[in-house]
file target-v3.txt (compact mmCIF, C-alpha atoms)
# COMPACT_ATOMS: atom_id res chain seq x y z
CA MET A 1 102.49 125.11 88.11
CA GLU A 2 102.20 121.41 88.80
CA VAL A 3 101.25 120.22 92.25
CA SER A 4 101.40 116.61 93.33
CA THR A 5 98.13 115.16 94.56
CA LEU A 6 100.07 113.66 97.44
CA SER A 7 100.91 117.16 98.69
CA ALA A 8 97.26 117.56 99.69
CA VAL A 9 97.24 114.31 101.65
CA PRO A 10 98.62 114.29 105.22
CA LYS A 11 101.87 112.31 105.47
CA SER A 12 100.33 110.00 108.07
CA ILE A 13 97.80 108.85 105.48
CA ALA A 14 100.04 108.93 102.40
CA MET A 15 102.74 106.72 103.93
CA MET A 16 102.71 103.09 102.84
CA PHE A 17 101.52 100.81 105.58
CA ALA A 18 103.97 98.34 107.02
CA LYS A 19 103.61 94.79 105.78
CA PRO A 20 101.99 92.68 108.51
CA SER A 21 104.11 89.84 109.76
CA ALA A 22 102.76 86.37 110.44
CA SER A 23 103.57 86.82 114.12
CA SER A 24 101.66 90.07 114.56
CA PRO A 25 98.54 89.88 116.68
CA GLY A 26 95.44 89.46 114.58
CA ALA A 27 97.39 88.33 111.53
CA PRO A 28 96.16 85.09 109.99
CA ALA A 29 98.43 82.12 110.52
CA ARG A 30 100.43 81.24 107.43
CA THR A 31 100.09 77.77 106.05
CA ASP A 32 102.05 75.91 103.41
CA GLN A 33 99.69 77.42 100.85
CA SER A 34 100.25 80.96 102.08
CA MET A 35 102.12 83.35 99.91
CA GLY A 36 105.64 83.93 101.08
CA SER A 37 108.10 86.33 99.62
CA GLY A 38 108.15 84.30 96.41
CA LEU A 39 104.44 84.59 95.65
CA SER A 40 104.30 80.83 95.40
CA LYS A 41 100.61 80.41 96.15
CA LYS A 42 98.66 79.08 93.20
CA ILE A 43 95.76 81.32 92.33
CA ASP A 44 92.92 80.68 89.92
CA PHE A 45 91.35 83.95 88.81
CA SER A 46 88.34 82.13 87.41
CA HIS A 47 87.49 80.87 90.91
CA VAL A 48 88.88 83.35 93.46
CA THR A 49 87.38 84.76 96.63
CA PRO A 50 87.58 88.49 97.38
CA ARG A 51 89.74 87.71 100.42
CA GLN A 52 92.17 85.61 98.34
CA LEU A 53 92.32 88.29 95.66
CA GLU A 54 93.02 91.02 98.20
CA ALA A 55 95.77 88.97 99.87
CA TYR A 56 97.37 88.14 96.52
CA ILE A 57 97.26 91.74 95.30
CA ASN A 58 98.66 92.98 98.63
CA GLU A 59 101.61 90.58 98.29
CA ARG A 60 102.22 91.88 94.76
CA ILE A 61 102.08 95.47 96.01
CA PHE A 62 104.52 94.84 98.86
CA SER A 63 106.91 92.97 96.55
CA ASN A 64 106.61 95.82 94.02
CA THR A 65 105.64 93.44 91.20
CA ILE A 66 102.41 95.07 90.06
CA GLU A 67 101.57 98.45 88.61
CA PRO A 68 99.22 100.68 90.66
CA ASP A 69 96.88 101.11 87.67
CA ASP A 70 96.61 97.33 87.35
CA VAL A 71 95.76 97.06 91.05
CA THR A 72 92.99 99.62 90.63
CA GLY A 73 91.58 97.93 87.53
CA ILE A 74 91.58 94.48 89.11
CA MET A 75 90.27 95.46 92.54
CA ASN A 76 87.51 97.59 90.99
CA GLN A 77 86.02 94.36 89.67
CA LEU A 78 84.84 93.61 93.21
CA GLY A 79 81.29 94.70 93.87
CA ALA A 80 80.69 97.58 96.29
CA THR A 81 79.74 95.28 99.18
CA GLN A 82 81.28 92.02 97.99
CA MET A 83 84.17 92.16 100.47
CA ASP A 84 81.81 92.81 103.38
CA ASP A 85 78.94 90.53 102.41
CA ALA A 86 80.73 87.56 100.82
CA PRO A 87 84.50 87.68 101.36
CA ASP A 88 84.86 83.90 101.01
CA VAL A 89 82.47 83.30 98.11
CA PRO A 90 84.38 82.61 94.88
CA PHE A 91 83.68 84.63 91.76
CA ASN A 92 85.04 84.57 88.21
CA LEU A 93 87.31 87.60 87.88
CA ARG A 94 88.49 86.50 84.45
CA ALA A 95 84.90 86.36 83.11
CA GLN A 96 84.13 89.80 84.56
CA LEU A 97 87.14 91.37 82.85
CA ASN A 98 86.26 89.60 79.58
CA GLY A 99 82.70 90.91 79.85
CA CYS A 100 83.95 94.46 80.39
CA ARG A 101 86.29 94.09 77.40
CA GLN A 102 83.53 92.75 75.16
CA TYR A 103 81.14 95.52 76.17
CA SER A 104 83.84 98.14 75.53
CA GLU A 105 84.54 96.64 72.11
CA GLN A 106 80.82 96.67 71.22
CA THR A 107 80.44 100.31 72.25
CA GLY A 108 83.68 101.36 70.54
CA SER A 109 85.23 102.44 73.82
CA PRO A 110 89.01 102.74 74.03
CA LEU A 111 88.75 100.91 77.37
CA ALA A 112 88.62 97.64 75.42
CA ALA A 113 92.41 97.73 75.11
CA TRP A 114 92.71 98.38 78.86
CA TYR A 115 90.57 95.37 79.73
CA ALA A 116 92.51 93.22 77.25
CA HIS A 117 95.71 94.33 79.01
CA LEU A 118 94.27 93.38 82.41
CA GLY A 119 93.30 89.96 81.04
CA LYS A 120 96.88 89.41 79.88
CA GLN A 121 98.14 90.53 83.29
CA LEU A 122 95.92 87.88 84.92
CA ASP A 123 97.45 85.25 82.64
CA ILE A 124 100.96 86.36 83.60
CA MET A 125 100.20 86.50 87.32
CA GLN A 126 98.49 83.13 87.29
CA ALA A 127 101.44 81.55 85.48
CA GLN A 128 103.85 83.11 87.98
CA SER A 129 101.84 81.86 90.93
CA VAL A 130 102.07 78.19 89.99
CA HIS A 131 104.23 76.39 92.54
CA LEU A 132 105.72 73.16 91.34
CA SER A 133 106.63 70.58 93.93
CA VAL A 134 109.17 67.83 93.36
CA VAL A 135 107.54 65.71 96.06
CA ALA A 136 105.02 63.32 94.55

call {"tool": "encode", "arguments": {"input": "target-v3.txt", "output": "structure tokens"}}
result
Amino acid sequence: MEVSTLSAVPKSIAMMFAKPSASSPGAPARTDQSMGSGLSKKIDFSHVTPRQLEAYINERIFSNTIEPDDVTGIMNQLGATQMDDAPDVPFNLRAQLNGCRQYSEQTGSPLAAWYAHLGKQLDIMQAQSVHLSVVA
């Protein structure tokens, strides 16, 4: 008999949270560099803050353009207290994933392919986030 893991979670917790609007109290004001529905904010994964990464990933989740496993793999690259202690200090997510991939390759772990996949996903997401302006 198969039982969904969601059946053990109360519906109030398992429900997806509503996407915050820019006009909701406590929501940060959107600027021209904010991500709208088109994910037009340029992001550089080699120099990204935990807060920027979280906002970008949340936009991808709400627009249903990222796989849950990819979210987990990317967000797990944040240190245990990094979001609390240094939410606006940039770190090199790309280098961290490459380091995990290299270590997995050296140890013969099958996770090397997973980290290579995440690196390719970063390339795709970064390319999709580039916003070209015709105003010079």

call {"tool": "closest_residue", "arguments": {"input": "target-v3.txt", "among": "A:Thr107, A:Asn98, A:Asn58, A:Gln128", "to": "A:Val71", "atoms": "all atoms listed in the file"}}
result
A:Asn58

call {"tool": "closest_residue", "arguments": {"input": "target-v3.txt", "among": "A:Gln77, A:Gln52, A:Gln106, A:Ser129", "to": "A:Pro90", "atoms": "all atoms listed in the file"}}
result
A:Gln52

call {"tool": "atom_distance", "arguments": {"input": "target-v3.txt", "atom1": "atom CA of A:Gln102", "atom2": "atom CA of A:Tyr56"}}
result
25.9 Å

call {"tool": "atom_distance", "arguments": {"input": "target-v3.txt", "atom1": "atom CA of A:Thr72", "atom2": "atom CA of A:Pro110"}}
result
17.4 Å

call {"tool": "closest_residue", "arguments": {"input": "target-v3.txt", "among": "A:Ile61, A:Leu78, A:Ile43, A:Leu53", "to": "A:Gln96", "atoms": "all atoms listed in the file"}}
result
A:Leu78

call {"tool": "atom_distance", "arguments": {"input": "target-v3.txt", "atom1": "atom CA of A:Asp70", "atom2": "atom CA of A:Gln121"}}
result
8.1 Å

call {"tool": "residues_around", "arguments": {"input": "target-v3.txt", "residues": "A:Thr49", "least_positions_apart": "6", "cutoff": "8 Å", "atoms": "all atoms listed in the file", "output": "list in words"}}
result
Pro87, Asp88, Val89, Pro90 and Phe91 of chain A

call {"tool": "residues_near_point", "arguments": {"input": "target-v3.txt", "point": "(94.0, 79.0, 93.5)", "cutoff": "9 Å", "atoms": "only C-alpha atoms", "output": "ChimeraX atom specification"}}
result
/A:41-48,52,126,129-130

call {"tool": "axis_aligned_box", "arguments": {"input": "target-v3.txt", "around": "stretch 92-96 of chain A", "padding_each_side": "8 Å", "output": "lines of an AutoDock Vina configuration file"}}
result
center_x = 86.3
center_y = 87.2
center_z = 85.7
size_x = 20.4
size_y = 21.2
size_z = 21.1

call {"tool": "closest_residue", "arguments": {"input": "target-v3.txt", "among": "A:Trp114, A:Arg60, A:Leu122, A:Ile66", "to": "A:Asn92", "atoms": "only C-alpha atoms"}}
result
A:Leu122

call {"tool": "closest_residue", "arguments": {"input": "target-v3.txt", "among": "A:Ala55, A:Ala80, A:Ala95, A:Ile74", "to": "A:Leu118", "atoms": "only C-alpha atoms"}}
result
A:Ile74
